[in-house]
file data_34.csv (CSV, C-alpha atoms)
chain,number,residue,atom,x,y,z
A,1244,MET,CA,118.4,143.4,-78.3
A,1245,VAL,CA,119.1,145.0,-81.6
A,1246,TYR,CA,122.3,144.6,-83.6
A,1247,LEU,CA,122.9,147.6,-85.8
A,1248,ILE,CA,124.0,146.5,-89.3
A,1249,ASP,CA,124.1,149.8,-91.2
A,1250,HIS,CA,123.8,153.5,-90.3
A,1251,ASP,CA,124.2,156.6,-92.5
A,1252,ASP,CA,122.4,159.9,-93.3
A,1253,SER,CA,119.5,158.1,-95.0
A,1254,GLY,CA,118.7,155.9,-92.0
A,1255,SER,CA,119.6,152.8,-90.0
A,1256,LEU,CA,119.1,149.1,-90.3
A,1257,GLY,CA,119.3,146.4,-87.6
A,1258,VAL,CA,117.9,143.1,-86.5
A,1259,VAL,CA,116.7,141.8,-83.2
A,1260,LEU,CA,119.1,139.1,-82.1
A,1261,ASN,CA,117.2,137.3,-79.4
A,1262,ARG,CA,113.7,136.5,-80.9
A,1263,PRO,CA,113.6,133.0,-82.4
A,1264,SER,CA,110.5,131.9,-84.3
A,1265,GLU,CA,108.8,128.5,-84.5
A,1266,THR,CA,109.8,128.2,-88.2
A,1267,ALA,CA,112.9,126.1,-89.1
A,1268,VAL,CA,115.4,127.5,-91.5
A,1269,HIS,CA,115.1,124.2,-93.4
A,1270,ASP,CA,111.5,124.9,-94.1
A,1271,VAL,CA,112.2,128.2,-95.9
A,1272,PHE,CA,115.8,128.1,-96.9
A,1273,PRO,CA,116.8,124.4,-97.0
A,1274,GLN,CA,120.0,125.1,-98.9
A,1275,TRP,CA,121.2,127.3,-95.9
A,1276,ALA,CA,120.1,124.9,-93.1
A,1277,PRO,CA,123.5,123.2,-92.8
A,1278,LEU,CA,125.2,126.5,-92.0
A,1279,ALA,CA,122.5,127.8,-89.6
A,1280,ALA,CA,123.6,128.2,-86.0
A,1281,LYS,CA,121.5,126.4,-83.4
A,1282,PRO,CA,118.7,126.8,-82.9
A,1283,GLN,CA,118.2,126.3,-86.6
A,1284,ALA,CA,115.2,128.6,-86.6
A,1285,LEU,CA,114.3,131.8,-88.4
A,1286,PHE,CA,114.6,134.7,-86.0
A,1287,ILE,CA,112.2,137.7,-86.0
A,1288,GLY,CA,114.5,140.5,-87.0
A,1289,GLY,CA,112.0,143.3,-86.4
A,1290,PRO,CA,108.7,144.7,-87.3
A,1291,VAL,CA,109.6,146.1,-90.8
A,1292,SER,CA,109.1,144.1,-94.0
A,1293,ARG,CA,108.3,140.7,-92.5
A,1294,GLU,CA,108.2,139.3,-96.1
A,1295,SER,CA,111.9,139.8,-96.5
A,1296,ALA,CA,114.9,138.1,-94.9
A,1297,VAL,CA,118.3,139.4,-93.7
A,1298,CYS,CA,121.1,136.9,-93.2
A,1299,LEU,CA,124.1,137.6,-90.9
A,1300,GLY,CA,127.0,135.3,-90.6
A,1301,THR,CA,130.3,135.1,-88.9
A,1302,VAL,CA,133.5,134.5,-90.9
A,1303,ARG,CA,135.8,131.8,-89.5
A,1304,PRO,CA,138.8,133.2,-87.6
A,1305,GLY,CA,141.7,133.9,-90.0
A,1306,MET,CA,139.4,134.2,-93.0
A,1307,SER,CA,138.4,137.4,-94.8
A,1308,ALA,CA,135.2,138.4,-96.6
A,1309,ASP,CA,137.1,141.0,-98.7
A,1310,GLY,CA,136.2,140.6,-102.3
A,1311,ILE,CA,134.0,137.6,-101.8
A,1312,GLU,CA,130.8,137.7,-103.8
A,1313,GLY,CA,127.8,137.1,-101.6
A,1314,LEU,CA,129.4,138.5,-98.4
A,1315,LYS,CA,129.3,142.1,-97.2
A,1316,GLN,CA,131.5,143.2,-94.3
A,1317,VAL,CA,129.5,144.6,-91.4
A,1318,ASP,CA,131.9,144.7,-88.5
A,1319,GLY,CA,134.9,142.6,-87.6
A,1320,ARG,CA,134.1,139.0,-88.5
A,1321,THR,CA,130.4,139.7,-88.9
A,1322,VAL,CA,129.0,139.8,-92.5
A,1323,MET,CA,125.8,140.1,-94.3
A,1324,VAL,CA,125.2,137.0,-96.4
A,1325,ASP,CA,123.3,137.1,-99.7
A,1326,LEU,CA,120.7,134.3,-99.6
A,1327,ASP,CA,120.8,134.1,-103.4
A,1328,ALA,CA,124.5,133.1,-103.3
A,1329,GLU,CA,125.6,129.5,-103.4
A,1330,PRO,CA,125.9,128.1,-99.8
A,1331,GLU,CA,128.5,125.6,-100.9
A,1332,TYR,CA,130.8,128.4,-102.2
A,1333,LEU,CA,130.5,130.4,-98.9
A,1334,ALA,CA,130.5,127.4,-96.5
A,1335,PRO,CA,134.3,127.1,-96.1
A,1336,LEU,CA,134.5,130.8,-95.0
A,1337,LEU,CA,131.6,130.9,-92.5
A,1338,ALA,CA,131.5,129.7,-88.9
A,1339,GLY,CA,127.7,130.0,-89.1
A,1340,ILE,CA,124.7,132.1,-90.2
A,1341,ARG,CA,121.5,133.3,-88.7
A,1342,VAL,CA,118.5,134.2,-90.9
A,1343,PHE,CA,116.2,137.0,-89.7
A,1344,VAL,CA,112.6,137.6,-91.0
A,1345,GLY,CA,112.0,141.4,-91.1
A,1346,TYR,CA,114.3,144.0,-89.6
A,1347,ALA,CA,114.4,147.1,-87.4
A,1348,GLY,CA,114.6,150.3,-89.3
A,1349,TRP,CA,114.9,154.0,-88.7
A,1350,SER,CA,114.6,156.9,-91.1
A,1351,GLY,CA,117.4,159.5,-91.5
A,1352,GLY,CA,118.0,161.3,-88.1
A,1353,GLN,CA,115.4,159.1,-86.2
A,1354,LEU,CA,117.9,156.9,-84.4
A,1355,GLU,CA,120.1,159.9,-83.5
A,1356,SER,CA,117.1,161.6,-81.9
A,1357,GLU,CA,116.3,158.4,-79.9
A,1358,LEU,CA,119.9,158.2,-78.8
A,1359,ALA,CA,119.9,161.9,-77.7
A,1360,ARG,CA,116.9,161.1,-75.5
A,1361,ALA,CA,118.8,158.1,-74.1
A,1362,ASP,CA,116.1,155.7,-75.4
A,1363,TRP,CA,118.8,153.1,-76.1
A,1364,MET,CA,121.9,151.7,-74.4
A,1365,VAL,CA,124.7,151.2,-76.9
A,1366,PHE,CA,127.4,148.6,-76.5
A,1367,PRO,CA,130.0,147.0,-78.7
A,1368,SER,CA,129.2,143.5,-80.0
A,1369,LEU,CA,131.2,140.3,-80.3
A,1370,PRO,CA,131.1,138.0,-83.3
A,1371,ALA,CA,129.5,135.3,-81.1
A,1372,ASP,CA,126.5,137.6,-80.3
A,1373,VAL,CA,125.1,137.2,-83.8
A,1374,LEU,CA,125.0,133.4,-83.5
A,1375,ALA,CA,124.2,133.2,-79.8
A,1376,PRO,CA,121.9,130.3,-78.8
A,1377,ALA,CA,118.4,131.3,-78.0
A,1378,ARG,CA,118.5,129.6,-74.6
A,1379,ILE,CA,121.1,132.0,-73.2
A,1380,ASP,CA,120.3,135.4,-71.8
A,1381,LEU,CA,122.1,137.4,-74.5
A,1382,TRP,CA,121.0,140.7,-72.9
A,1383,GLY,CA,122.4,139.7,-69.6
A,1384,GLN,CA,125.6,138.4,-71.2
A,1385,VAL,CA,126.2,141.7,-73.0
A,1386,LEU,CA,125.5,143.7,-69.9
A,1387,ARG,CA,127.9,141.7,-67.8
A,1388,ARG,CA,130.7,142.6,-70.3
A,1389,GLN,CA,130.2,146.3,-69.5
A,1390,SER,CA,131.4,148.6,-66.8
A,1391,ASP,CA,130.0,148.3,-63.2
A,1392,ARG,CA,127.2,150.8,-63.9
A,1393,TYR,CA,125.7,148.6,-66.6
A,1394,SER,CA,126.9,145.2,-65.5
A,1395,MET,CA,124.7,145.5,-62.4
A,1396,LEU,CA,121.6,145.6,-64.7
A,1397,ALA,CA,122.3,142.0,-65.6
A,1398,THR,CA,121.2,141.0,-62.1
A,1399,HIS,CA,118.0,142.9,-62.2
A,1400,PRO,CA,114.9,140.6,-62.1
A,1401,VAL,CA,112.7,140.6,-65.2
A,1402,ASP,CA,109.7,141.0,-62.9
A,1403,VAL,CA,110.6,143.3,-60.0
A,1404,GLU,CA,107.7,142.1,-57.9
A,1405,ARG,CA,109.4,138.7,-57.8
A,1406,ASN,CA,112.5,140.1,-56.2
call {"tool": "encode", "arguments": {"input": "data_34.csv", "output": "structure tokens"}}
result
Amino acid sequence: MVYLIDHDDSGSLGVVLNRPSETAVHDVFPQWAPLAAKPQALFIGGPVSRESAVCLGTVRPGMSADGIEGLKQVDGRTVMVDLDAEPEYLAPLLAGIRVFVGYAGWSGGQLESELARADWMVFPSLPADVLAPARIDLWGQVLRRQSDRYSMLATHPVDVERN
């Protein structure tokens, strides 16, 4: 499941939300570990640039990221977090963070072409999706929130031969 962070004429950027790694946030970014949502692991954000990290967070209800250095508004309460910022400064504003190694990327017009071919299903997200625990079926949870046509897909077995 890919969360789209940014999209414009030059391309698109997103991260895979439901692919935790075996590496703990504390092992790579110890200063951010106290804010990391459980499981406190780095997540594999996608196949592009596995040497880089993208951090998403959720701003606490009633708080705003407007004008706060180190936070960039993505959508609603979801923000990008600058990992070079001071965690102690941002901690009172954040409900939690998730750190992704690598990202999913598309060049200009590529995602539009894929959408025109119906290669992707597009659904709105909730702030909780970004910090969802790895043990839940996030894909199924998102599908169940949709209309009947899509919510039925949540009951589809992963392996149809086991049905």
call {"tool": "atom_distance", "arguments": {"input": "data_34.csv", "atom1": "CA of Arg1341 in chain A", "atom2": "CA of Ser1264 in chain A"}}
result
11.9 Å
call {"tool": "residues_near_point", "arguments": {"input": "data_34.csv", "point": "(121.8, 129.3, -93.4)", "cutoff": "12 Å", "atoms": "all atoms listed in the file", "output": "NGL selection string"}}
result
:A and (1267-1286 or 1296-1301 or 1323-1331 or 1333-1334 or 1337-1343 or 1374)
call {"tool": "write_last_selection", "arguments": {"input": "data_34.csv", "atoms": "C-alpha atoms", "output": "short mmCIF file (atom, residue, chain, number, x, y, z; two decimals), keeping the file's coordinate frame"}}
result
data_model
loop_
_atom_site.label_atom_id
_atom_site.label_comp_id
_atom_site.auth_asym_id
_atom_site.auth_seq_id
_atom_site.Cartn_x
_atom_site.Cartn_y
_atom_site.Cartn_z
CA ALA A 1267 112.90 126.10 -89.10
CA VAL A 1268 115.40 127.50 -91.50
CA HIS A 1269 115.10 124.20 -93.40
CA ASP A 1270 111.50 124.90 -94.10
CA VAL A 1271 112.20 128.20 -95.90
CA PHE A 1272 115.80 128.10 -96.90
CA PRO A 1273 116.80 124.40 -97.00
CA GLN A 1274 120.00 125.10 -98.90
CA TRP A 1275 121.20 127.30 -95.90
CA ALA A 1276 120.10 124.90 -93.10
CA PRO A 1277 123.50 123.20 -92.80
CA LEU A 1278 125.20 126.50 -92.00
CA ALA A 1279 122.50 127.80 -89.60
CA ALA A 1280 123.60 128.20 -86.00
CA LYS A 1281 121.50 126.40 -83.40
CA PRO A 1282 118.70 126.80 -82.90
CA GLN A 1283 118.20 126.30 -86.60
CA ALA A 1284 115.20 128.60 -86.60
CA LEU A 1285 114.30 131.80 -88.40
CA PHE A 1286 114.60 134.70 -86.00
CA ALA A 1296 114.90 138.10 -94.90
CA VAL A 1297 118.30 139.40 -93.70
CA CYS A 1298 121.10 136.90 -93.20
CA LEU A 1299 124.10 137.60 -90.90
CA GLY A 1300 127.00 135.30 -90.60
CA THR A 1301 130.30 135.10 -88.90
CA MET A 1323 125.80 140.10 -94.30
CA VAL A 1324 125.20 137.00 -96.40
CA ASP A 1325 123.30 137.10 -99.70
CA LEU A 1326 120.70 134.30 -99.60
CA ASP A 1327 120.80 134.10 -103.40
CA ALA A 1328 124.50 133.10 -103.30
CA GLU A 1329 125.60 129.50 -103.40
CA PRO A 1330 125.90 128.10 -99.80
CA GLU A 1331 128.50 125.60 -100.90
CA LEU A 1333 130.50 130.40 -98.90
CA ALA A 1334 130.50 127.40 -96.50
CA LEU A 1337 131.60 130.90 -92.50
CA ALA A 1338 131.50 129.70 -88.90
CA GLY A 1339 127.70 130.00 -89.10
CA ILE A 1340 124.70 132.10 -90.20
CA ARG A 1341 121.50 133.30 -88.70
CA VAL A 1342 118.50 134.20 -90.90
CA PHE A 1343 116.20 137.00 -89.70
CA LEU A 1374 125.00 133.40 -83.50
#
call {"tool": "residues_around", "arguments": {"input": "data_34.csv", "residues": "range 1288-1291 of chain A", "least_positions_apart": "6", "cutoff": "7 Å", "atoms": "all atoms listed in the file", "output": "number ranges by chain"}}
result
A: 1258-1260, 1343-1348
call {"tool": "atom_distance", "arguments": {"input": "data_34.csv", "atom1": "CA of Glu1294 in chain A", "atom2": "CA of Leu1336 in chain A"}}
result
27.7 Å
call {"tool": "atom_distance", "arguments": {"input": "data_34.csv", "atom1": "CA of Val1245 in chain A", "atom2": "CA of Glu1265 in chain A"}}
result
19.7 Å
call {"tool": "closest_residue", "arguments": {"input": "data_34.csv", "among": "A:Pro1335, A:Gly1310, A:Pro1263, A:Gly1351", "to": "Asp1249 in chain A", "atoms": "only C-alpha atoms"}}
result
A:Gly1351
